[in-house]
file my_file.tsv (TSV, C-alpha atoms)
chain	number	residue	atom	x	y	z
A	1	LYS	CA	13.81	-33.62	15.76
A	2	GLN	CA	13.19	-30.35	13.92
A	3	TRP	CA	9.95	-28.53	14.70
A	4	TYR	CA	10.36	-25.82	12.10
A	5	GLN	CA	10.83	-25.69	8.38
A	6	ARG	CA	14.31	-24.57	7.39
A	7	ARG	CA	13.54	-24.09	3.72
A	8	VAL	CA	11.68	-20.93	2.82
A	9	ARG	CA	10.31	-18.94	-0.07
A	10	ALA	CA	12.40	-16.15	-1.48
A	11	VAL	CA	10.78	-12.98	-2.76
A	12	SER	CA	13.05	-10.63	-4.65
A	13	TYR	CA	12.77	-7.27	-6.40
A	14	CYS	CA	14.81	-6.51	-9.49
A	15	SER	CA	14.45	-3.74	-12.09
A	16	GLY	CA	10.96	-2.77	-10.95
A	17	ARG	CA	9.61	-6.33	-10.84
A	18	TYR	CA	8.90	-8.81	-8.03
A	19	TYR	CA	9.83	-12.49	-8.19
A	20	ILE	CA	9.26	-15.54	-6.00
A	21	MET	CA	11.16	-18.77	-5.68
A	22	ASP	CA	10.32	-21.80	-3.53
A	23	GLU	CA	13.55	-23.00	-1.97
A	24	GLY	CA	12.49	-26.61	-1.47
A	25	THR	CA	9.58	-26.42	0.98
A	26	MET	CA	7.64	-29.55	1.94
A	27	ASN	CA	4.14	-28.07	1.53
A	28	GLY	CA	4.94	-26.04	-1.55
A	29	THR	CA	4.24	-22.57	-2.78
A	30	PHE	CA	1.44	-22.03	-5.28
A	31	LEU	CA	1.13	-19.17	-7.75
A	32	ASN	CA	-2.35	-18.85	-9.28
A	33	GLY	CA	-3.08	-22.46	-8.29
A	34	THR	CA	0.10	-23.93	-9.79
A	35	ARG	CA	2.76	-25.39	-7.54
A	36	LEU	CA	6.16	-23.80	-8.18
A	37	SER	CA	8.14	-27.03	-7.66
A	38	VAL	CA	7.88	-30.54	-6.25
A	39	GLN	CA	8.64	-31.26	-2.58
A	40	LYS	CA	12.19	-30.46	-1.45
A	41	VAL	CA	13.21	-29.15	-4.88
A	42	VAL	CA	14.21	-25.53	-5.45
A	43	SER	CA	11.97	-23.89	-8.05
A	44	GLU	CA	12.93	-21.53	-10.80
A	45	ARG	CA	12.17	-17.84	-10.27
A	46	PHE	CA	8.63	-16.73	-11.17
A	47	GLU	CA	7.58	-13.12	-11.79
A	48	LEU	CA	4.74	-11.83	-9.61
A	49	SER	CA	2.05	-9.70	-11.22
A	50	HIS	CA	-0.86	-7.55	-10.09
A	51	LEU	CA	-3.79	-9.64	-8.74
A	52	ASP	CA	-1.80	-12.90	-8.67
A	53	GLU	CA	-2.82	-15.33	-5.93
A	54	LEU	CA	0.05	-16.66	-3.86
A	55	ARG	CA	-0.69	-19.61	-1.55
A	56	ILE	CA	1.78	-20.53	1.16
A	57	GLY	CA	0.51	-23.39	3.31
A	58	SER	CA	-3.12	-22.66	4.14
A	59	THR	CA	-2.73	-18.90	3.59
A	60	THR	CA	-3.71	-17.33	0.27
A	61	LEU	CA	-2.60	-13.80	-0.57
A	62	GLN	CA	-3.86	-11.67	-3.42
A	63	LEU	CA	-1.04	-9.48	-4.64
A	64	HIS	CA	-1.49	-5.82	-5.45
A	65	ILE	CA	1.54	-4.59	-7.33
A	66	HIS	CA	1.18	-1.05	-8.64
A	67	ALA	CA	3.52	1.30	-10.45
A	68	ASN	CA	4.38	4.41	-8.45
A	69	HIS	CA	1.52	5.33	-6.09
A	70	ASP	CA	-1.31	4.21	-8.38
A	71	THR	CA	-4.02	1.98	-6.95
A	72	CYS	CA	-6.82	-0.14	-8.31
A	73	LYS	CA	-10.47	-0.40	-7.35
A	74	TRP	CA	-9.72	-3.50	-5.26
A	75	CYS	CA	-7.15	-1.61	-3.17
A	76	GLU	CA	-9.04	1.64	-2.65
A	77	PRO	CA	-12.76	0.88	-2.92
A	78	GLY	CA	-13.74	4.20	-1.36
A	79	LEU	CA	-11.89	6.12	-4.06
A	80	ASN	CA	-12.79	4.20	-7.20
A	81	THR	CA	-16.21	2.71	-6.53
A	82	PRO	CA	-19.21	4.37	-4.91
A	83	VAL	CA	-19.64	3.72	-1.21
A	84	PRO	CA	-23.24	3.08	-0.11
A	85	GLU	CA	-24.69	5.92	1.93
A	86	LYS	CA	-26.21	3.56	4.50
A	87	PRO	CA	-24.53	0.53	6.02
A	88	VAL	CA	-25.90	-2.71	4.59
A	89	ALA	CA	-27.22	-3.76	8.02
A	90	ALA	CA	-29.38	-0.63	8.19
A	91	THR	CA	-31.21	-1.64	5.01
A	92	ILE	CA	-32.26	-5.03	6.37
A	93	SER	CA	-35.61	-4.87	8.11
A	94	GLU	CA	-36.57	-7.19	10.92
A	95	PRO	CA	-39.93	-8.98	10.69
A	96	PRO	CA	-42.45	-7.41	13.12
A	97	ALA	CA	-43.05	-10.69	15.01
A	98	LEU	CA	-39.32	-11.17	15.58
A	99	TYR	CA	-38.96	-7.54	16.70
A	100	LYS	CA	-41.76	-7.97	19.28
A	101	GLN	CA	-40.30	-11.25	20.51
A	102	ARG	CA	-36.85	-9.72	20.89
A	103	ASN	CA	-38.22	-6.71	22.83
A	104	LYS	CA	-40.29	-8.97	25.09
A	105	GLU	CA	-37.19	-11.06	25.92
A	106	MET	CA	-35.10	-7.92	26.50
A	107	ASN	CA	-37.69	-6.53	28.94
A	108	ARG	CA	-37.86	-9.90	30.76
A	109	LEU	CA	-34.07	-9.88	31.21
A	110	LYS	CA	-34.11	-6.28	32.40
A	111	ARG	CA	-36.71	-7.15	35.06
A	112	LYS	CA	-34.85	-10.30	36.09
A	113	TYR	CA	-31.58	-8.45	36.59
A	114	LYS	CA	-33.32	-5.34	38.00
A	115	LEU	CA	-32.19	-3.07	35.18
A	116	MET	CA	-35.59	-1.40	34.74
A	117	GLY	CA	-35.94	2.26	35.68
A	118	SER	CA	-38.09	3.24	38.67
A	119	GLY	CA	-40.34	5.52	36.69
call {"tool": "encode", "arguments": {"input": "my_file.tsv", "output": "structure tokens"}}
result
Amino acid sequence: KQWYQRRVRAVSYCSGRYYIMDEGTMNGTFLNGTRLSVQKVVSERFELSHLDELRIGSTTLQLHIHANHDTCKWCEPGLNTPVPEKPVAATISEPPALYKQRNKEMNRLKRKYKLMGSG
């Protein structure tokens, strides 16, 4: 009994372009939601483009294919889109009642485990 899948996907690079081919997998390979071929049948070769979604099994990959060393705003968000000055968590305020309850519980645990200072 075989516990692995012998058939694979083939990714190739030719003349500055990337291609994928499903070589007869059982679960299939999906490009932008479309299955490349039926079960156990070798697919034709499909060109891969920037921002294509490639799904292999339960894993989905978003492809970022750039000419030279160029990038897009999805690859380098710190370079092409503004980064907030404060972390998002710092902008969320806690309701006063919840804050008091949390501090009361923290102090109770400190006393219980003798973590309170002597002074």
call {"tool": "closest_residue", "arguments": {"input": "my_file.tsv", "among": "A:Phe46, A:Lys73, A:Asn27, A:Lys40", "to": "Thr59 (chain A)", "atoms": "all atoms listed in the file"}}
result
A:Asn27
call {"tool": "atom_distance", "arguments": {"input": "my_file.tsv", "atom1": "CA of Ile56 (chain A)", "atom2": "CA of Ser15 (chain A)"}}
result
24.9 Å
call {"tool": "atom_distance", "arguments": {"input": "my_file.tsv", "atom1": "CA of Ser43 (chain A)", "atom2": "CA of His64 (chain A)"}}
result
22.7 Å
call {"tool": "atom_distance", "arguments": {"input": "my_file.tsv", "atom1": "CA of Leu48 (chain A)", "atom2": "CA of Ala67 (chain A)"}}
result
13.2 Å
call {"tool": "residues_around", "arguments": {"input": "my_file.tsv", "residues": "Gly33 (chain A)", "least_positions_apart": "4", "cutoff": "8 Å", "atoms": "only C-alpha atoms", "output": "ChimeraX atom specification"}}
result
/A:53-55
call {"tool": "write_last_selection", "arguments": {"input": "my_file.tsv", "atoms": "C-alpha atoms", "output": "short mmCIF file (atom, residue, chain, number, x, y, z; two decimals), in the coordinates of the input"}}
result
data_model
loop_
_atom_site.label_atom_id
_atom_site.label_comp_id
_atom_site.auth_asym_id
_atom_site.auth_seq_id
_atom_site.Cartn_x
_atom_site.Cartn_y
_atom_site.Cartn_z
CA GLU A 53 -2.82 -15.33 -5.93
CA LEU A 54 0.05 -16.66 -3.86
CA ARG A 55 -0.69 -19.61 -1.55
#
call {"tool": "residues_around", "arguments": {"input": "my_file.tsv", "residues": "Ser37 (chain A)", "least_positions_apart": "3", "cutoff": "10 Å", "atoms": "all atoms listed in the file", "output": "list of chain:residue names"}}
result
A:Met21, A:Asp22, A:Glu23, A:Gly24, A:Thr25, A:Met26, A:Gly28, A:Thr29, A:Phe30, A:Thr34, A:Lys40, A:Val41, A:Val42, A:Ser43, A:Glu44
call {"tool": "residues_around", "arguments": {"input": "my_file.tsv", "residues": "Arg17 (chain A)", "least_positions_apart": "4", "cutoff": "9 Å", "atoms": "all atoms listed in the file", "output": "ChimeraX atom specification"}}
result
/A:12-13,47-49,65
call {"tool": "closest_residue", "arguments": {"input": "my_file.tsv", "among": "A:Arg108, A:Gln101, A:Arg45, A:Asn32", "to": "Val11 (chain A)", "atoms": "all atoms listed in the file"}}
result
A:Arg45
call {"tool": "closest_residue", "arguments": {"input": "my_file.tsv", "among": "A:Leu31, A:Ala10, A:Ala97, A:Lys112", "to": "Thr60 (chain A)", "atoms": "all atoms listed in the file"}}
result
A:Leu31
